[in-house]
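Have a look at my_file32.txt; it's compact mmCIF, C-alpha atoms:
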# COMPACT_ATOMS: atom_id res chain seq x y z
CA MET P 1 98.14 46.04 -71.07
CA SER P 2 101.81 45.21 -71.09
CA GLU P 3 103.86 44.45 -68.05
CA ALA P 4 105.78 47.77 -68.34
CA GLU P 5 102.53 49.77 -68.47
CA GLN P 6 101.22 47.89 -65.39
CA ILE P 7 104.42 48.67 -63.41
CA ASP P 8 104.26 52.36 -64.48
CA THR P 9 100.56 52.57 -63.46
CA ALA P 10 101.26 50.90 -60.08
CA GLY P 11 104.17 53.32 -59.46
CA ALA P 12 102.03 56.33 -60.30
CA THR P 13 99.32 55.09 -57.95
CA ARG P 14 101.84 54.66 -55.12
CA ARG P 15 103.29 58.14 -55.74
CA GLY P 16 99.77 59.60 -55.67
CA ILE P 17 98.94 57.91 -52.37
CA ILE P 18 102.23 59.07 -50.82
CA ALA P 19 101.61 62.64 -52.03
CA VAL P 20 98.12 62.65 -50.51
CA LEU P 21 99.44 61.28 -47.19
CA ILE P 22 102.26 63.85 -47.00
CA GLY P 23 99.88 66.66 -47.97
CA GLY P 24 97.42 65.55 -45.29
CA LEU P 25 100.12 65.42 -42.62
CA ILE P 26 101.46 68.85 -43.60
CA SER P 27 97.97 70.38 -43.44
CA LEU P 28 97.42 69.00 -39.91
CA PHE P 29 100.08 71.31 -38.43
CA PRO P 30 98.38 74.63 -39.31
CA LEU P 31 95.01 73.16 -38.35
CA ALA P 32 96.33 72.05 -34.93
CA ALA P 33 98.02 75.44 -34.38
CA GLY P 34 94.80 77.25 -35.26
CA LEU P 35 92.74 75.10 -32.91
CA PHE P 36 95.26 75.59 -30.09
CA THR P 37 95.19 79.38 -30.58
CA PHE P 38 91.39 79.47 -30.73
CA LEU P 39 90.82 77.31 -27.65
CA ASN P 40 93.72 78.58 -25.50
CA PRO P 41 91.84 81.48 -23.80
CA LEU P 42 89.17 79.05 -22.65
CA ARG P 43 91.60 76.82 -20.78
CA SER P 44 94.44 79.09 -19.73
CA ARG P 45 94.93 80.68 -16.33
CA LYS P 46 96.65 83.99 -15.84
CA ALA P 47 100.08 84.02 -14.31
CA GLY P 48 99.75 84.57 -10.59
CA ASP P 49 96.27 83.05 -10.35
CA SER P 50 95.79 81.00 -7.24
CA ASP P 51 93.19 78.56 -6.03
CA GLU P 52 91.74 81.33 -3.83
CA PRO P 53 88.61 82.92 -5.24
CA GLY P 54 88.80 86.49 -6.46
CA ARG P 55 91.71 88.65 -7.38
CA LEU P 56 93.96 90.99 -5.49
CA VAL P 57 93.23 94.58 -6.55
CA ARG P 58 94.77 97.87 -5.44
CA ILE P 59 91.86 100.03 -4.29
CA ALA P 60 93.31 103.26 -2.85
CA THR P 61 96.03 104.73 -0.70
CA LEU P 62 95.59 104.64 3.05
CA ALA P 63 95.71 108.47 3.05
CA ALA P 64 92.53 108.49 0.89
CA LEU P 65 90.59 106.70 3.67
CA PRO P 66 90.00 108.92 6.71
CA ALA P 67 90.54 107.27 10.10
CA ASP P 68 87.09 108.24 11.42
CA GLY P 69 85.44 104.79 11.35
CA VAL P 70 82.93 105.83 8.66
CA PRO P 71 82.79 103.47 5.66
CA ARG P 72 83.61 104.95 2.24
CA GLN P 73 82.71 103.42 -1.11
CA PHE P 74 85.50 102.89 -3.67
CA PRO P 75 85.26 101.50 -7.20
CA VAL P 76 87.17 98.32 -8.00
CA ILE P 77 89.14 99.04 -11.18
CA ALA P 78 90.84 96.08 -12.85
CA ASP P 79 91.44 94.44 -16.19
CA ARG P 80 88.63 92.14 -17.29
CA GLN P 81 88.81 89.45 -19.91
CA ASP P 82 86.07 87.42 -21.53
CA ALA P 83 87.72 84.52 -23.31
CA TRP P 84 89.24 86.50 -26.21
CA THR P 85 88.69 90.19 -25.48
CA ARG P 86 90.64 92.08 -22.83
CA TYR P 87 89.18 95.23 -21.27
CA ARG P 88 91.76 97.38 -19.48
CA ASN P 89 91.09 99.41 -16.32
CA GLU P 90 87.36 98.82 -16.14
CA ALA P 91 85.10 99.19 -13.10
CA ILE P 92 84.21 95.61 -12.13
CA GLY P 93 82.45 96.41 -8.85
CA ALA P 94 82.69 98.45 -5.67
CA VAL P 95 83.75 97.98 -2.06
CA TYR P 96 83.19 99.77 1.21
CA LEU P 97 86.35 100.39 3.21
CA ARG P 98 86.37 101.36 6.88
CA ARG P 99 89.36 102.41 8.94
CA GLN P 100 89.19 102.57 12.72
CA PRO P 101 90.37 105.81 14.40
CA GLY P 102 94.09 105.73 15.15
CA SER P 103 94.63 102.48 13.26
CA ASP P 104 95.99 101.37 9.90
CA GLU P 105 93.74 98.28 9.86
CA VAL P 106 91.12 98.34 7.12
CA GLU P 107 87.87 96.41 6.89
CA ALA P 108 86.37 95.74 3.44
CA PHE P 109 82.87 94.72 2.32
CA ASN P 110 81.52 94.03 -1.14
CA ALA P 111 79.05 96.84 -1.97
CA THR P 112 76.59 94.35 -3.49
CA CYS P 113 73.57 93.23 -1.48
CA PRO P 114 73.59 89.42 -1.08
CA HIS P 115 69.82 89.32 -1.67
CA ALA P 116 69.35 90.51 -5.26
CA GLY P 117 72.66 92.10 -6.25
CA CYS P 118 71.76 95.80 -5.84
CA PHE P 119 74.41 98.23 -4.61
CA VAL P 120 73.95 99.19 -0.97
CA ALA P 121 74.40 102.74 0.33
CA PHE P 122 75.78 103.71 3.72
CA ASN P 123 73.39 105.78 5.84
CA ARG P 124 75.57 107.86 8.20
CA GLU P 125 72.58 108.99 10.26
CA HIS P 126 71.73 105.43 11.35
CA ASP P 127 75.17 103.79 10.82
CA VAL P 128 73.72 101.11 8.51
CA TYR P 129 74.20 99.95 4.95
CA GLN P 130 70.82 100.01 3.22
CA CYS P 131 69.71 98.19 0.10
CA PRO P 132 67.34 100.31 -1.99
CA CYS P 133 65.78 97.33 -3.77
CA HIS P 134 64.16 95.24 -1.03
CA ASP P 135 64.79 97.19 2.18
CA SER P 136 67.52 95.06 3.72
CA ALA P 137 69.76 96.82 6.25
CA PHE P 138 73.17 95.79 7.54
CA ASN P 139 74.95 97.16 10.61
CA ILE P 140 78.34 98.85 10.35
CA ASP P 141 80.04 95.44 10.81
CA GLY P 142 78.16 94.04 7.78
CA LYS P 143 75.78 91.82 9.76
CA LEU P 144 72.14 91.69 8.69
CA ASP P 145 69.89 93.95 10.81
CA TYR P 146 66.63 93.30 8.96
CA GLY P 147 65.23 92.50 5.54
CA PRO P 148 65.01 89.59 3.13
CA SER P 149 68.77 89.23 2.54
CA PRO P 150 69.86 85.63 3.22
CA ARG P 151 73.18 86.73 4.80
CA GLY P 152 75.15 89.76 5.87
CA LEU P 153 77.38 91.77 3.55
CA ASP P 154 80.24 89.79 2.08
CA GLN P 155 83.43 90.69 3.91
CA LEU P 156 86.57 90.72 1.78
CA ASP P 157 90.23 90.30 2.73
CA ALA P 158 91.96 93.68 2.93
CA ASP P 159 95.68 94.30 3.29
CA VAL P 160 97.65 97.53 3.82
CA ARG P 161 101.02 97.45 2.06
CA ALA P 162 103.91 99.84 2.01
CA ALA P 163 104.55 101.33 -1.44
CA GLY P 164 107.46 103.72 -1.23
CA GLU P 165 106.57 106.51 1.18
CA GLN P 166 102.84 105.79 1.16
CA LYS P 167 100.66 102.85 2.10
CA GLU P 168 98.20 101.19 -0.29
CA ILE P 169 95.01 99.28 0.40
CA TRP P 170 94.73 95.99 -1.49
CA VAL P 171 91.56 93.90 -1.46
CA ARG P 172 90.94 90.34 -2.62
CA TYR P 173 87.83 91.18 -4.62
CA VAL P 174 85.27 88.38 -4.97
CA ASP P 175 81.76 88.49 -6.40
CA TYR P 176 79.52 86.00 -4.62
CA LEU P 177 76.26 84.45 -5.79
CA THR P 178 73.22 86.32 -4.54
CA GLY P 179 69.98 84.96 -3.11
CA ILE P 180 71.55 82.08 -1.14
CA SER P 181 72.76 81.87 2.45
CA GLU P 182 76.21 80.44 1.61
CA LYS P 183 79.06 82.55 0.25
CA VAL P 184 79.70 80.87 -3.12
CA PRO P 185 82.06 82.69 -5.53
CA LYS P 186 80.64 83.37 -8.99
So that I can check it, write out the structure of this file as C-alpha cells.
Amino acid sequence: MSEAEQIDTAGATRRGIIAVLIGGLISLFPLAAGLFTFLNPLRSRKAGDSDEPGRLVRIATLAALPADGVPRQFPVIADRQDAWTRYRNEAIGAVYLRRQPGSDEVEAFNATCPHAGCFVAFNREHDVYQCPCHDSAFNIDGKLDYGPSPRGLDQLDADVRAAGEQKEIWVRYVDYLTGISEKVPK
C-alpha cells in the first residue's frame, strides 16, 4: 500500500470515529430528556406541599354543618395522582365534622376505624361512633370506649375560613396506618 493510500485510510478512520462520537453525543440528549420525563412524577412534589402529613381540603361550608353538636359525615373530595395518572375530584375518604352549639369551632375526625380500616358510623342514640367490623366504639370526642381498636379515632386539624360572604371548613386530611397504637401517616 502506498503512502497516499495509508494517509487516506487513516483520515477515513478518524472521520468515522468522530462521526460515531458526535452521533453518540447527539443521541444522549433525547435519551436523557426521555428519562427525565419518565422519572419526574416519581420524584417531584406538588407546589404547596409541606413537610406536614396530609393535604388541606375544603370539605363544606359552615352553613352545611348544623350547630347542634351532632357529628355529620362528609366525603373528602380531592385530586389524586398515582405517579403518572391524575384523577380529578375523586372521593379519597370521609371525615366526621362536629360543631358545638353557638360556636363556629369545628372538630374533625377521620371516619376510618384505626383497628382494621372500616368506616365507622355515628350512633345518635348512644352518642358513639361504632365500627361494624370488630365492634369497637368511640365516644363523641373520638376516644376509645371499648373494642379491639389500638387507639381512638384520628383527630384531624380543622379550620374555618372566610370565603366571601360565607365560611368554609377546611381539613388537613391524613390517612393513618391501621392496627397500631401510634398515629403514623400512610
Open item on the list: Please list, as an MDAnalysis selection string, the residues that have an atom at most 12 Å away from (92.9, 93.2, -9.3) in the coordinates of this file, counting all atoms listed in the file.
Closed with: chainID P and resid 46 48:49 53:60 75:81 88:93 169:174
Open item on the list: Calculated over all atoms listed in the file, which of the candidates P:Ala158, P:Cys113, P:Val20, P:Cys118 has the smallest distance to Leu144 (chain P)?
Closed with: P:Cys113
Task: Minimum-distance residue to Val106 (chain P), chosen among P:Phe138, P:Ala94, P:Leu62, P:Tyr87 (using only C-alpha atoms) - done: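 With only C-alpha atoms as the atom set, the closest residue is P:Leu62.
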Task: Length of the CA of Gly102 (chain P) to CA of Val70 (chain P) vector [Å] - done: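 Computed distance, CA of Gly102 (chain P) to CA of Val70 (chain P), equals 12.9 Å.
Proximity to Gly179 (chain P) was assessed for P:Ser27, P:Ala63, P:Asp154, P:His115 counting all atoms listed in the file; the smallest distance is recorded for P:His115.
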- [ ] Quick one: pull the distance between CA of Lys167 (chain P) and CA of Phe109 (chain P), Å, one decimal.
- [x]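 That distance, rounded to one decimal, is 19.6 Å.
Residue nearest Asp104 (chain P) within the list P:Thr37, P:Asn123, P:Ser136, P:Thr61: P:Thr61 [criterion: smallest interatomic distance, only C-alpha atoms].
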- [ ] Would you list the contacts of Arg151 (chain P) as JSON, numbers by chain, taking every protein, DNA or RNA residue within 8 Å and counting all atoms listed in the file, but skipping same-chain residues closer than 5 positions in sequence?
- [x] {"P": [114, 115, 143, 144, 180, 181, 182]}
Let's have the selection written as a JSON list (two decimals), in the coordinates of the input, with C-alpha atoms.
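part_15.json, freshly written:
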[["chain", "number", "residue", "atom", "x", "y", "z"],
["P", 114, "PRO", "CA", 73.59, 89.42, -1.08],
["P", 115, "HIS", "CA", 69.82, 89.32, -1.67],
["P", 143, "LYS", "CA", 75.78, 91.82, 9.76],
["P", 144, "LEU", "CA", 72.14, 91.69, 8.69],
["P", 180, "ILE", "CA", 71.55, 82.08, -1.14],
["P", 181, "SER", "CA", 72.76, 81.87, 2.45],
["P", 182, "GLU", "CA", 76.21, 80.44, 1.61]]
Task: Counting only C-alpha atoms, the residue of P:Gly34, P:Gly69, P:Gly24, P:Gly16 that sits nearest Arg124 (chain P) - done: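 For Arg124 (chain P), the nearest of the given residues is P:Gly69.
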- [ ] Determine the nearest neighbour of Leu65 (chain P) from the options P:Glu105, P:Asp157, P:Asp145, P:Asp135, counting all atoms listed in the file.
- [x]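 Among the listed residues, P:Glu105 lies closest to Leu65 (chain P).
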